[in-house]
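Chemist: Structure file target_21.cif, mmCIF, C-alpha atoms and all ligand atoms, is pasted below:
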data_final
loop_
_atom_site.group_PDB
_atom_site.id
_atom_site.type_symbol
_atom_site.label_atom_id
_atom_site.label_comp_id
_atom_site.auth_asym_id
_atom_site.auth_seq_id
_atom_site.Cartn_x
_atom_site.Cartn_y
_atom_site.Cartn_z
ATOM 1 C CA MET Q 422 27.283 35.796 49.326
ATOM 2 C CA ARG Q 423 27.585 38.447 46.651
ATOM 3 C CA GLU Q 424 30.301 36.473 44.869
ATOM 4 C CA LEU Q 425 28.268 33.281 44.835
ATOM 5 C CA PHE Q 426 24.631 34.256 44.466
ATOM 6 C CA ASP Q 427 22.283 36.885 43.090
ATOM 7 C CA VAL Q 428 21.702 38.283 46.537
ATOM 8 C CA HIS Q 429 19.407 40.940 48.003
ATOM 9 C CA LEU Q 430 20.931 42.017 51.306
ATOM 10 C CA ASN Q 431 19.162 43.642 54.222
ATOM 11 C CA GLU Q 432 22.038 46.067 54.771
ATOM 12 C CA ASP Q 433 20.928 47.925 57.880
ATOM 13 C CA ASP Q 434 20.530 44.942 60.247
ATOM 14 C CA HIS Q 435 16.907 45.775 61.079
ATOM 15 C CA PRO Q 436 14.222 43.066 61.012
ATOM 16 C CA LEU Q 437 12.262 43.093 57.737
ATOM 17 C CA GLY Q 438 8.925 42.915 59.532
ATOM 18 C CA ARG Q 439 5.955 40.833 58.430
ATOM 19 C CA ASP Q 440 5.359 42.631 55.136
ATOM 20 C CA GLY Q 441 9.030 42.624 54.215
ATOM 21 C CA LEU Q 442 9.291 38.930 55.014
ATOM 22 C CA ALA Q 443 6.158 38.128 53.011
ATOM 23 C CA ALA Q 444 7.614 39.960 49.998
ATOM 24 C CA ALA Q 445 10.970 38.181 50.353
ATOM 25 C CA LEU Q 446 9.237 34.796 50.676
ATOM 26 C CA ARG Q 447 7.327 35.459 47.460
ATOM 27 C CA GLU Q 448 10.397 36.393 45.432
ATOM 28 C CA ALA Q 449 13.378 34.384 46.676
ATOM 29 C CA ASP Q 450 14.599 30.826 46.105
ATOM 30 C CA VAL Q 451 16.427 30.989 49.431
ATOM 31 C CA LEU Q 452 15.691 33.151 52.453
ATOM 32 C CA VAL Q 453 18.213 33.707 55.272
ATOM 33 C CA PRO Q 454 16.166 34.576 58.362
ATOM 34 C CA THR Q 455 17.476 35.298 61.850
ATOM 35 C CA LEU Q 456 15.828 34.672 65.185
ATOM 36 C CA GLY Q 457 13.965 37.991 65.023
ATOM 37 C CA ASP Q 458 12.092 36.863 61.894
ATOM 38 C CA GLN Q 459 8.973 34.980 62.961
ATOM 39 C CA LEU Q 460 8.073 32.727 60.040
ATOM 40 C CA ASP Q 461 4.766 31.216 61.078
ATOM 41 C CA ALA Q 462 2.475 28.913 59.087
ATOM 42 C CA GLY Q 463 0.502 31.850 57.641
ATOM 43 C CA LEU Q 464 3.603 33.533 56.225
ATOM 44 C CA LEU Q 465 5.024 30.269 54.884
ATOM 45 C CA ARG Q 466 1.721 29.402 53.196
ATOM 46 C CA GLY Q 467 2.095 32.650 51.246
ATOM 47 C CA ALA Q 468 5.629 31.786 50.068
ATOM 48 C CA GLY Q 469 6.235 31.706 46.334
ATOM 49 C CA GLU Q 470 6.545 28.412 44.445
ATOM 50 C CA ARG Q 471 10.261 29.008 44.004
ATOM 51 C CA LEU Q 472 11.075 29.269 47.717
ATOM 52 C CA ARG Q 473 12.913 26.043 48.560
ATOM 53 C CA LEU Q 474 15.382 26.804 51.368
ATOM 54 C CA LEU Q 475 15.328 28.668 54.671
ATOM 55 C CA ALA Q 476 19.020 28.962 55.592
ATOM 56 C CA ASN Q 477 18.699 30.282 59.146
ATOM 57 C CA PHE Q 478 21.454 32.527 60.532
ATOM 58 C CA GLY Q 479 21.460 31.054 64.044
ATOM 59 C CA ALA Q 480 21.201 27.741 65.842
ATOM 60 C CA GLY Q 481 17.708 28.005 67.364
ATOM 61 C CA VAL Q 482 14.838 27.444 64.944
ATOM 62 C CA ASP Q 483 11.858 28.010 67.230
ATOM 63 C CA HIS Q 484 10.900 31.126 65.234
ATOM 64 C CA LEU Q 485 10.326 28.944 62.153
ATOM 65 C CA ASP Q 486 7.246 26.767 61.756
ATOM 66 C CA LEU Q 487 9.018 23.554 60.779
ATOM 67 C CA SER Q 488 5.836 21.591 60.016
ATOM 68 C CA ALA Q 489 4.587 24.356 57.713
ATOM 69 C CA ALA Q 490 7.999 24.403 55.980
ATOM 70 C CA LYS Q 491 7.892 20.621 55.617
ATOM 71 C CA ALA Q 492 4.357 20.739 54.200
ATOM 72 C CA ARG Q 493 5.645 23.146 51.512
ATOM 73 C CA ARG Q 494 8.741 20.931 50.969
ATOM 74 C CA ILE Q 495 10.992 23.811 52.037
ATOM 75 C CA VAL Q 496 14.367 22.681 53.421
ATOM 76 C CA VAL Q 497 15.501 24.334 56.682
ATOM 77 C CA THR Q 498 19.129 24.663 57.800
ATOM 78 C CA ASN Q 499 20.739 26.301 60.846
ATOM 79 C CA THR Q 500 24.220 27.078 62.238
ATOM 80 C CA PRO Q 501 24.947 24.731 65.149
ATOM 81 C CA GLY Q 502 28.329 24.224 66.812
ATOM 82 C CA VAL Q 503 29.967 27.564 66.020
ATOM 83 C CA LEU Q 504 28.384 29.509 68.877
ATOM 84 C CA THR Q 505 28.790 26.868 71.579
ATOM 85 C CA GLU Q 506 31.898 28.249 73.287
ATOM 86 C CA ASP Q 507 30.834 31.904 73.096
ATOM 87 C CA THR Q 508 27.427 31.137 74.592
ATOM 88 C CA ALA Q 509 28.981 28.998 77.329
ATOM 89 C CA ASP Q 510 31.367 31.877 78.168
ATOM 90 C CA MET Q 511 28.363 34.153 78.605
ATOM 91 C CA VAL Q 512 26.580 31.619 80.816
ATOM 92 C CA LEU Q 513 29.635 31.496 83.060
ATOM 93 C CA ALA Q 514 29.737 35.315 83.117
ATOM 94 C CA LEU Q 515 26.052 35.377 84.114
ATOM 95 C CA ILE Q 516 26.689 32.875 86.904
ATOM 96 C CA LEU Q 517 29.655 34.846 88.266
ATOM 97 C CA TRP Q 518 28.003 38.245 87.916
ATOM 98 C CA THR Q 519 24.749 37.103 89.473
ATOM 99 C CA VAL Q 520 26.111 35.191 92.447
ATOM 100 C CA ARG Q 521 28.762 37.878 93.142
ATOM 101 C CA ARG Q 522 26.301 40.800 92.631
ATOM 102 C CA ALA Q 523 28.665 42.423 90.135
ATOM 103 C CA SER Q 524 25.858 44.117 88.187
ATOM 104 C CA GLU Q 525 24.531 45.733 91.348
ATOM 105 C CA GLY Q 526 28.037 46.895 92.189
ATOM 106 C CA GLU Q 527 28.607 48.378 88.762
ATOM 107 C CA ARG Q 528 25.249 50.151 88.803
ATOM 108 C CA SER Q 529 25.925 51.686 92.217
ATOM 109 C CA LEU Q 530 29.418 52.823 91.201
ATOM 110 C CA ARG Q 531 28.166 54.460 87.987
ATOM 111 C CA ALA Q 532 25.364 56.140 89.949
ATOM 112 C CA GLY Q 533 27.990 57.731 92.218
ATOM 113 C CA GLU Q 534 26.690 55.785 95.232
ATOM 114 C CA TRP Q 535 29.943 54.043 96.151
ATOM 115 C CA ASP Q 536 31.426 55.615 99.248
ATOM 116 C CA GLY Q 537 34.243 53.173 99.899
ATOM 117 C CA TRP Q 538 35.003 49.578 100.904
ATOM 118 C CA LYS Q 539 32.873 48.220 103.733
ATOM 119 C CA PRO Q 540 32.946 44.868 105.537
ATOM 120 C CA HIS Q 541 29.386 44.156 104.448
ATOM 121 C CA GLY Q 542 29.477 46.019 101.138
ATOM 122 C CA LEU Q 543 27.738 44.066 98.355
ATOM 123 C CA THR Q 544 28.568 40.662 99.751
ATOM 124 C CA GLY Q 545 27.459 37.934 97.388
ATOM 125 C CA HIS Q 546 28.313 34.260 97.697
ATOM 126 C CA ARG Q 547 31.314 32.071 96.944
ATOM 127 C CA VAL Q 548 30.827 30.279 93.629
ATOM 128 C CA GLY Q 549 33.266 27.401 94.224
ATOM 129 C CA GLY Q 550 31.675 24.515 96.069
ATOM 130 C CA LYS Q 551 28.128 25.296 94.937
ATOM 131 C CA ALA Q 552 26.003 22.801 92.993
ATOM 132 C CA LEU Q 553 25.127 23.754 89.416
ATOM 133 C CA GLY Q 554 22.122 22.139 87.707
ATOM 134 C CA ILE Q 555 22.089 22.230 83.912
ATOM 135 C CA VAL Q 556 18.811 21.748 82.071
ATOM 136 C CA GLY Q 557 19.720 20.473 78.603
ATOM 137 C CA MET Q 558 23.118 18.840 78.296
ATOM 138 C CA GLY Q 559 23.747 19.272 74.577
ATOM 139 C CA ARG Q 560 26.808 21.004 73.149
ATOM 140 C CA ILE Q 561 26.297 24.255 75.062
ATOM 141 C CA GLY Q 562 25.307 22.538 78.318
ATOM 142 C CA GLN Q 563 28.477 20.433 78.182
ATOM 143 C CA ALA Q 564 30.642 23.489 77.430
ATOM 144 C CA VAL Q 565 29.067 25.220 80.462
ATOM 145 C CA ALA Q 566 29.781 22.134 82.586
ATOM 146 C CA ARG Q 567 33.488 22.171 81.634
ATOM 147 C CA ARG Q 568 33.843 25.827 82.589
ATOM 148 C CA ALA Q 569 31.850 25.437 85.790
ATOM 149 C CA ALA Q 570 33.851 22.382 86.869
ATOM 150 C CA ALA Q 571 37.014 24.497 86.500
ATOM 151 C CA CYS Q 572 35.408 26.972 88.939
ATOM 152 C CA ARG Q 573 34.937 24.051 91.359
ATOM 153 C CA LEU Q 574 31.173 23.857 90.992
ATOM 154 C CA SER Q 575 29.709 20.360 91.219
ATOM 155 C CA ILE Q 576 27.773 19.498 88.058
ATOM 156 C CA HIS Q 577 24.255 18.073 87.920
ATOM 157 C CA TYR Q 578 22.192 17.797 84.776
ATOM 158 C CA HIS Q 579 18.771 16.924 83.497
ATOM 159 C CA ASN Q 580 18.563 15.687 79.941
ATOM 160 C CA ARG Q 581 16.199 13.352 78.138
ATOM 161 C CA ARG Q 582 19.056 10.958 77.554
ATOM 162 C CA ARG Q 583 21.888 10.204 79.947
ATOM 163 C CA LEU Q 584 25.326 11.082 78.541
ATOM 164 C CA PRO Q 585 27.961 8.368 77.928
ATOM 165 C CA PRO Q 586 30.051 7.610 81.065
ATOM 166 C CA GLU Q 587 33.217 9.141 79.596
ATOM 167 C CA VAL Q 588 31.422 12.470 78.998
ATOM 168 C CA GLU Q 589 29.996 12.454 82.529
ATOM 169 C CA ALA Q 590 33.451 11.612 83.910
ATOM 170 C CA GLU Q 591 35.052 14.681 82.278
ATOM 171 C CA THR Q 592 33.202 17.009 84.667
ATOM 172 C CA GLY Q 593 32.024 14.496 87.281
ATOM 173 C CA ALA Q 594 28.450 15.272 86.202
ATOM 174 C CA THR Q 595 25.472 13.603 87.898
ATOM 175 C CA TRP Q 596 22.413 12.807 85.748
ATOM 176 C CA TRP Q 597 18.942 13.419 87.112
ATOM 177 C CA ALA Q 598 16.176 11.681 85.179
ATOM 178 C CA ASP Q 599 13.657 13.695 87.218
ATOM 179 C CA LEU Q 600 13.973 17.459 86.758
ATOM 180 C CA ASP Q 601 11.769 18.180 89.790
ATOM 181 C CA ALA Q 602 14.093 16.208 92.035
ATOM 182 C CA MET Q 603 17.180 18.049 90.719
ATOM 183 C CA LEU Q 604 15.661 21.494 91.291
ATOM 184 C CA GLY Q 605 15.734 21.158 95.073
ATOM 185 C CA ALA Q 606 19.308 19.886 95.071
ATOM 186 C CA VAL Q 607 21.144 22.717 93.276
ATOM 187 C CA ASP Q 608 22.293 26.245 94.150
ATOM 188 C CA ILE Q 609 22.401 27.557 90.584
ATOM 189 C CA LEU Q 610 20.244 26.433 87.669
ATOM 190 C CA SER Q 611 21.341 27.053 84.086
ATOM 191 C CA ILE Q 612 18.870 26.643 81.232
ATOM 192 C CA ASN Q 613 20.593 25.310 78.119
ATOM 193 C CA ALA Q 614 17.795 23.490 76.327
ATOM 194 C CA PRO Q 615 16.185 24.442 73.015
ATOM 195 C CA HIS Q 616 12.711 25.983 73.065
ATOM 196 C CA THR Q 617 10.174 23.413 71.864
ATOM 197 C CA PRO Q 618 6.543 22.738 72.808
ATOM 198 C CA ALA Q 619 7.938 20.361 75.457
ATOM 199 C CA THR Q 620 10.176 23.008 77.072
ATOM 200 C CA HIS Q 621 7.744 25.955 76.842
ATOM 201 C CA HIS Q 622 7.407 27.320 80.413
ATOM 202 C CA LEU Q 623 9.275 24.271 81.681
ATOM 203 C CA LEU Q 624 10.275 26.462 84.616
ATOM 204 C CA ASP Q 625 6.782 27.480 85.718
ATOM 205 C CA ALA Q 626 5.610 28.672 89.137
ATOM 206 C CA ARG Q 627 5.407 25.122 90.482
ATOM 207 C CA ARG Q 628 8.928 24.182 89.424
ATOM 208 C CA LEU Q 629 10.422 27.525 90.504
ATOM 209 C CA GLY Q 630 8.789 26.800 93.858
ATOM 210 C CA LEU Q 631 10.825 23.585 94.110
ATOM 211 C CA MET Q 632 14.104 25.531 94.002
ATOM 212 C CA ARG Q 633 15.954 26.581 97.136
ATOM 213 C CA THR Q 634 15.220 30.127 98.328
ATOM 214 C CA SER Q 635 18.995 30.699 98.210
ATOM 215 C CA ALA Q 636 19.221 29.528 94.572
ATOM 216 C CA TYR Q 637 19.936 31.477 91.375
ATOM 217 C CA LEU Q 638 18.536 30.927 87.894
ATOM 218 C CA VAL Q 639 20.533 31.662 84.747
ATOM 219 C CA ASN Q 640 19.012 31.561 81.257
ATOM 220 C CA ALA Q 641 20.921 32.150 78.014
ATOM 221 C CA ALA Q 642 18.828 29.712 75.942
ATOM 222 C CA ARG Q 643 15.326 30.978 75.211
ATOM 223 C CA GLY Q 644 13.082 33.230 77.313
ATOM 224 C CA GLU Q 645 10.020 31.112 76.608
ATOM 225 C CA ILE Q 646 11.416 28.238 78.698
ATOM 226 C CA VAL Q 647 10.896 30.251 81.909
ATOM 227 C CA ASP Q 648 7.527 31.717 82.915
ATOM 228 C CA GLU Q 649 8.663 35.338 83.338
ATOM 229 C CA ASP Q 650 5.732 36.373 85.558
ATOM 230 C CA ALA Q 651 6.337 33.430 87.852
ATOM 231 C CA LEU Q 652 10.050 34.261 87.965
ATOM 232 C CA ALA Q 653 9.356 37.920 88.808
ATOM 233 C CA GLU Q 654 6.972 36.823 91.560
ATOM 234 C CA ALA Q 655 9.500 34.392 93.036
ATOM 235 C CA LEU Q 656 12.241 37.046 93.023
ATOM 236 C CA GLU Q 657 9.972 39.735 94.476
ATOM 237 C CA ALA Q 658 8.868 37.396 97.240
ATOM 238 C CA GLY Q 659 12.448 36.365 98.062
ATOM 239 C CA ARG Q 660 11.712 32.768 97.058
ATOM 240 C CA LEU Q 661 14.784 32.882 94.783
ATOM 241 C CA ALA Q 662 18.051 34.714 95.458
ATOM 242 C CA GLY Q 663 18.604 36.138 91.990
ATOM 243 C CA ALA Q 664 18.734 35.542 88.259
ATOM 244 C CA GLY Q 665 20.930 36.183 85.244
ATOM 245 C CA LEU Q 666 18.970 36.498 81.998
ATOM 246 C CA ASP Q 667 20.290 36.914 78.465
ATOM 247 C CA VAL Q 668 16.959 36.013 76.842
ATOM 248 C CA PHE Q 669 13.321 37.053 77.264
ATOM 249 C CA GLU Q 670 9.960 35.664 76.320
ATOM 250 C CA HIS Q 671 8.863 38.563 74.092
ATOM 251 C CA GLU Q 672 12.171 40.032 72.900
ATOM 252 C CA PRO Q 673 13.054 42.845 72.725
ATOM 253 C CA ALA Q 674 10.472 43.565 75.450
ATOM 254 C CA VAL Q 675 11.751 43.097 78.989
ATOM 255 C CA PRO Q 676 9.074 43.078 81.723
ATOM 256 C CA ALA Q 677 9.160 46.232 83.852
ATOM 257 C CA ARG Q 678 8.881 44.022 86.950
ATOM 258 C CA LEU Q 679 12.232 42.450 86.128
ATOM 259 C CA LEU Q 680 13.868 45.784 85.315
ATOM 260 C CA GLY Q 681 12.925 47.033 88.766
ATOM 261 C CA LEU Q 682 14.551 44.195 90.703
ATOM 262 C CA PRO Q 683 18.085 44.618 92.062
ATOM 263 C CA ASN Q 684 19.098 40.963 92.228
ATOM 264 C CA LEU Q 685 19.186 40.459 88.482
ATOM 265 C CA VAL Q 686 21.761 40.606 85.710
ATOM 266 C CA LEU Q 687 19.974 41.449 82.448
ATOM 267 C CA LEU Q 688 21.647 41.228 79.029
ATOM 268 C CA PRO Q 689 20.194 41.878 75.560
ATOM 269 C CA HIS Q 690 20.494 38.360 74.023
ATOM 270 C CA MET Q 691 24.227 38.593 73.398
ATOM 271 C CA GLY Q 692 25.399 35.068 74.266
ATOM 272 C CA SER Q 693 26.726 34.413 70.773
ATOM 273 C CA ALA Q 694 27.728 38.007 70.041
ATOM 274 C CA THR Q 695 31.386 37.711 69.065
ATOM 275 C CA MET Q 696 32.797 38.744 65.695
ATOM 276 C CA GLU Q 697 34.397 35.296 65.387
ATOM 277 C CA GLY Q 698 31.107 33.547 66.075
ATOM 278 C CA ARG Q 699 29.060 35.717 63.735
ATOM 279 C CA LEU Q 700 31.567 35.196 60.884
ATOM 280 C CA ALA Q 701 31.508 31.432 61.474
ATOM 281 C CA MET Q 702 27.694 31.498 61.457
ATOM 282 C CA GLY Q 703 27.804 33.324 58.121
ATOM 283 C CA ASP Q 704 30.229 30.740 56.713
ATOM 284 C CA LYS Q 705 27.837 27.993 57.747
ATOM 285 C CA VAL Q 706 24.896 29.727 56.088
ATOM 286 C CA ILE Q 707 26.891 29.991 52.852
ATOM 287 C CA ALA Q 708 28.043 26.347 53.040
ATOM 288 C CA ASN Q 709 24.453 25.214 53.546
ATOM 289 C CA ILE Q 710 23.166 27.234 50.586
ATOM 290 C CA ARG Q 711 26.059 26.133 48.373
ATOM 291 C CA ALA Q 712 25.437 22.438 49.160
ATOM 292 C CA TRP Q 713 21.728 22.825 48.456
ATOM 293 C CA VAL Q 714 22.419 24.629 45.150
ATOM 294 C CA ASP Q 715 24.796 21.788 44.200
ATOM 295 C CA GLY Q 716 22.092 19.216 44.925
ATOM 296 C CA ILE Q 717 23.857 17.851 48.018
ATOM 297 C CA ARG Q 718 22.138 17.494 51.374
ATOM 298 C CA PRO Q 719 23.119 20.648 53.339
ATOM 299 C CA PRO Q 720 25.408 19.822 56.281
ATOM 300 C CA ASP Q 721 23.102 21.478 58.823
ATOM 301 C CA GLN Q 722 19.699 20.424 57.575
ATOM 302 C CA VAL Q 723 17.145 20.642 60.379
ATOM 303 C CA LEU Q 724 14.632 17.847 60.524
ATOM 304 C CA GLU Q 725 11.127 18.458 61.751
ATOM 305 C CA GLY Q 726 11.053 17.480 65.401
ATOM 306 C CA TRP Q 727 14.861 17.768 65.553
ATOM 307 C CA ALA Q 728 14.804 20.105 68.530
HETATM 308 C C1 LIG N 801 20.862 31.248 68.223
HETATM 309 O O1 LIG N 801 21.670 31.121 67.295
HETATM 310 O O2 LIG N 801 19.779 30.679 68.217
HETATM 311 C C2 LIG N 801 21.247 32.111 69.360
HETATM 312 O O3 LIG N 801 20.222 32.292 70.264
HETATM 313 C C3 LIG N 801 21.778 33.440 68.865
HETATM 314 O O4 LIG N 801 22.420 34.042 69.950
#
Can I see the file as structure tokens?
Ligand code: DGY
Modeler:
Amino acid sequence: MRELFDVHLNEDDHPLGRDGLAAALREADVLVPTLGDQLDAGLLRGAGERLRLLANFGAGVDHLDLSAAKARRIVVTNTPGVLTEDTADMVLALILWTVRRASEGERSLRAGEWDGWKPHGLTGHRVGGKALGIVGMGRIGQAVARRAAACRLSIHYHNRRRLPPEVEAETGATWWADLDAMLGAVDILSINAPHTPATHHLLDARRLGLMRTSAYLVNAARGEIVDEDALAEALEAGRLAGAGLDVFEHEPAVPARLLGLPNLVLLPHMGSATMEGRLAMGDKVIANIRAWVDGIRPPDQVLEGWA
């Protein structure tokens, strides 16, 4: 970035905050936000005349008000594709750790509570043979399906559009047009959809109530897709067996109710956190800015309503 542009870097990795963002929006031609930078309509209205590009460092763009950006004729780009495999790895880890109670085991060992192998010690469930339901069968959903099929899970998915037969055949995936119907038919549910107005609290109390009491929920997409209070209630009441969460509705806040439950694996939004992935995301940001500077349509331009 330094070689190519006159760049002001936020060196210490901390969010700029509203005032810092407002100042950057006033002064820059291009701003590179991350998912912790909420750029709402109010902030974007205050952007300087010269601001023309938001080159997001990340795939999700739900923290950016796309209509407000469009109204100001500000181009928005993101970094899709390069964090697919890393995120899918983490989803698989969440599935394995949740169903096999590995987090509980690790916590008890570190707390000095382990007093030896026992026939009934921390028995979870066998993963192979279970039915996995995937909500959102885009790049990440499909990468999860490939991994899960290798673990002998049967694959079910709900997506607006059915995938081509050859893609379904790769993992033997079954399409469910009706999400509600799929919820009662799976043992593990993985959320892999983007957060949009249509997916906000998609998993609410009613839908969580349609899941089997023996089922697990895994979310490495966006916290806002699951109603956290409803999830906590379902887990507390034993209406769900457990959950693996890498994302939360009001990050970095994690509800105390969830922290207190044993049958949960909780991670601090680290699905894409590999050095390889972060470098590739940076390369994409630079390629997008470079194309825009050269007057070419950036390769990862986000269209309003894209998600
Ligand atoms: C993204 O890029 O939107 C991811 O959530 C980062 O992990």
Chemist: Within 7 Å of range 534-550 of chain Q, counting only C-alpha atoms, which residues qualify if same-chain residues fewer than 2 places away don't, as a list of chain:residue names?
Modeler: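 Once the nearby chain positions are removed, what remains is Q:Val520, Q:Arg521, Q:Arg522, Q:Gly526, Q:Ser529, Q:Leu530, Q:Ala532, Q:Ala552, Q:Cys572, Q:Arg573, Q:Leu574, Q:Ser575.
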Chemist: Hey, can you spit out that residue selection with C-alpha atoms as a PDB file, in the coordinates of the input?
Modeler:
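That gives us out26.pdb:
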ATOM      1  CA  VAL Q 520      26.111  35.191  92.447  1.00  0.00           C
ATOM      2  CA  ARG Q 521      28.762  37.878  93.142  1.00  0.00           C
ATOM      3  CA  ARG Q 522      26.301  40.800  92.631  1.00  0.00           C
ATOM      4  CA  GLY Q 526      28.037  46.895  92.189  1.00  0.00           C
ATOM      5  CA  SER Q 529      25.925  51.686  92.217  1.00  0.00           C
ATOM      6  CA  LEU Q 530      29.418  52.823  91.201  1.00  0.00           C
ATOM      7  CA  ALA Q 532      25.364  56.140  89.949  1.00  0.00           C
ATOM      8  CA  ALA Q 552      26.003  22.801  92.993  1.00  0.00           C
ATOM      9  CA  CYS Q 572      35.408  26.972  88.939  1.00  0.00           C
ATOM     10  CA  ARG Q 573      34.937  24.051  91.359  1.00  0.00           C
ATOM     11  CA  LEU Q 574      31.173  23.857  90.992  1.00  0.00           C
ATOM     12  CA  SER Q 575      29.709  20.360  91.219  1.00  0.00           C
TER      13      SER Q 575
END
Chemist: Select, from Q:His616, Q:Arg678, Q:Arg447, Q:His622, the residue with the minimum atom-to-atom distance to ligand LIG 801 (chain N), counting all atoms listed in the file.
Modeler: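 Result for the nearest residue to ligand LIG 801 (chain N): Q:His616.
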Chemist: What are the nearest atom pairs, with distances in Å to one decimal, for all residues of chain Q that come at most 10 Å from ligand LIG 801 (chain N), using all atoms listed in the file, set out by chain and rising residue number as a tab-separated table?
Modeler:
residue	atom	partner	partner_atom	distance
Q:Thr455	CA	N:LIG801	O1	8.0
Q:Leu456	CA	N:LIG801	O2	6.4
Q:Gly457	CA	N:LIG801	C3	9.8
Q:Asn477	CA	N:LIG801	O1	8.7
Q:Phe478	CA	N:LIG801	O1	6.9
Q:Gly479	CA	N:LIG801	O1	3.3
Q:Ala480	CA	N:LIG801	O1	3.7
Q:Gly481	CA	N:LIG801	O2	3.5
Q:Val482	CA	N:LIG801	O2	6.8
Q:Asp483	CA	N:LIG801	O2	8.4
Q:His484	CA	N:LIG801	O2	9.4
Q:Asn499	CA	N:LIG801	O1	8.1
Q:Thr500	CA	N:LIG801	O1	7.0
Q:Pro501	CA	N:LIG801	O1	7.5
Q:Gly502	CA	N:LIG801	O1	9.6
Q:Val503	CA	N:LIG801	O1	9.1
Q:Leu504	CA	N:LIG801	O1	7.1
Q:Thr505	CA	N:LIG801	O1	9.3
Q:Asp507	CA	N:LIG801	O4	9.2
Q:Thr508	CA	N:LIG801	O4	7.4
Q:Pro615	CA	N:LIG801	O2	8.7
Q:His616	CA	N:LIG801	O2	9.8
Q:Ala641	CA	N:LIG801	O3	7.8
Q:Ala642	CA	N:LIG801	O3	6.4
Q:Arg643	CA	N:LIG801	O3	7.1
Q:Asp667	CA	N:LIG801	O4	9.2
Q:Val668	CA	N:LIG801	O3	8.2
Q:Pro689	CA	N:LIG801	O4	9.9
Q:His690	CA	N:LIG801	O4	6.2
Q:Met691	CA	N:LIG801	O4	6.0
Q:Gly692	CA	N:LIG801	O4	5.3
Q:Ser693	CA	N:LIG801	O4	4.4
Q:Ala694	CA	N:LIG801	O4	6.6
Q:Thr695	CA	N:LIG801	O4	9.7
Q:Gly698	CA	N:LIG801	O4	9.5
Q:Arg699	CA	N:LIG801	C3	9.2
Q:Met702	CA	N:LIG801	O1	8.4
Chemist: Could you write out as a list of chain:residue names the residues that the PyMOL selection byres (((chain Q and resi 515) around 9) and not hetatm) matches in the shown file?
Modeler: Q:Asp510, Q:Met511, Q:Val512, Q:Leu513, Q:Ala514, Q:Ile516, Q:Leu517, Q:Trp518, Q:Thr519, Q:Val520, Q:Val639, Q:Asn640, Q:Ala641, Q:Ala664, Q:Gly665, Q:Leu666, Q:Asp667, Q:Val686, Q:Leu687, Q:Leu688
Chemist: Quick one: pull the distance between CA of Leu679 in chain Q and CA of Ile555 in chain Q, Å, one decimal.
Modeler: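 Atom-to-atom, CA of Leu679 in chain Q and CA of Ile555 in chain Q are spaced 22.6 Å apart.
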Chemist: The PyMOL selection byres (((chain Q and resi 713) around 10) and not hetatm) - which residues does that actually catch in the file I just gave you? List them as a list in words.
Modeler: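 Taken over the shown coordinates, the PyMOL selection byres (((chain Q and resi 713) around 10) and not hetatm) returns Val451, Arg473, Leu474, Ala476, Val496, Thr498, Ile707, Ala708, Asn709, Ile710, Arg711, Ala712, Val714, Asp715, Gly716, Ile717, Arg718, Pro719, Pro720 and Gln722 of chain Q.
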Chemist: Within 12 Å of (-1.4, 36.2, 56.4) (coordinates as in the file), grab all the protein and nucleic acid residues, counting all atoms listed in the file, and write them out as a list in words.
Modeler: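 Nearby residues: Arg439, Asp440, Leu442, Ala443, Ala444, Leu460, Asp461, Ala462, Gly463, Leu464, Leu465, Arg466, Gly467 and Ala468 of chain Q.
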Chemist: For the point (16.3, 16.8, 82.2) in the file's frame, write as a list in words all residues with an atom no more than 7 Å away, counting only C-alpha atoms.
Modeler: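 In the file's frame, the residues around the point are Val556, Gly557, Tyr578, His579, Asn580, Arg581, Trp597, Ala598, Asp599 and Leu600 of chain Q.
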Chemist: Neighbours of Glu591 in chain Q within 12 Å (all atoms listed in the file; same-chain residues fewer than 3 positions away dropped), as a list in words?
Modeler: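 That gives Gln563, Ala564, Ala566, Arg567, Arg568, Ala569, Ala570, Ala571, Ser575, Ile576, Leu584, Pro585, Pro586, Glu587, Val588, Ala594 and Thr595 of chain Q.
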Chemist: Could you work out how far CA of Ile646 in chain Q lies from CA of Leu680 in chain Q, giving the answer in Å with one decimal?
Modeler: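 Pair CA of Leu680 in chain Q / CA of Ile646 in chain Q returns 18.9 Å.
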Chemist: In Å, how far is it from CA of Glu672 in chain Q to CA of Leu631 in chain Q?
Modeler: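 The value is 26.9 Å.
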Chemist: Around range 663-672 of chain Q, fit a box with edges along x, y and z, padding it by 3 Å on each side, then list its centre and edge lengths in Å to one decimal as AutoDock Vina command-line options.
Modeler:
--center_x 14.9 --center_y 37.8 --center_z 82.4 --size_x 18.1 --size_y 10.5 --size_z 25.1
Chemist: Could you check which of Q:Gly659, Q:Gly554, Q:Gly438, Q:Gly681 is closest to Thr634 in chain Q, using all atoms listed in the file?
Modeler: Q:Gly659
Chemist: Name the residues captured by the PyMOL selection byres (((chain Q and resi 648) around 10) and not hetatm) when it is applied to the shown file; answer as a list in words.
Modeler: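 This file, filtered by the PyMOL selection byres (((chain Q and resi 648) around 10) and not hetatm), leaves His621, His622, Leu623, Leu624, Asp625, Ala626, Leu629, Gly644, Glu645, Ile646, Val647, Glu649, Asp650, Ala651, Leu652, Ala653, Phe669 and Glu670 of chain Q.
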Chemist: Which one is closest to Leu685 in chain Q: Q:Pro673, Q:Gly703, Q:Gly593, Q:Gly663? Count only C-alpha atoms.
Modeler: Q:Gly663
Chemist: Pick out the closest residue to Met558 in chain Q from this set: Q:Thr620, Q:Thr592, Q:Ser524, Q:Asn613. Count all atoms listed in the file.
Modeler: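 Answer, going by the shortest atom-to-atom distance: Q:Asn613.
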Chemist: Using all atoms listed in the file, can you tell me which of Q:Asp486, Q:Glu697, Q:Asp608, Q:Glu654 comes closest to Asp458 in chain Q?
Modeler: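 For Asp458 in chain Q, the nearest of the candidates is Q:Asp486.
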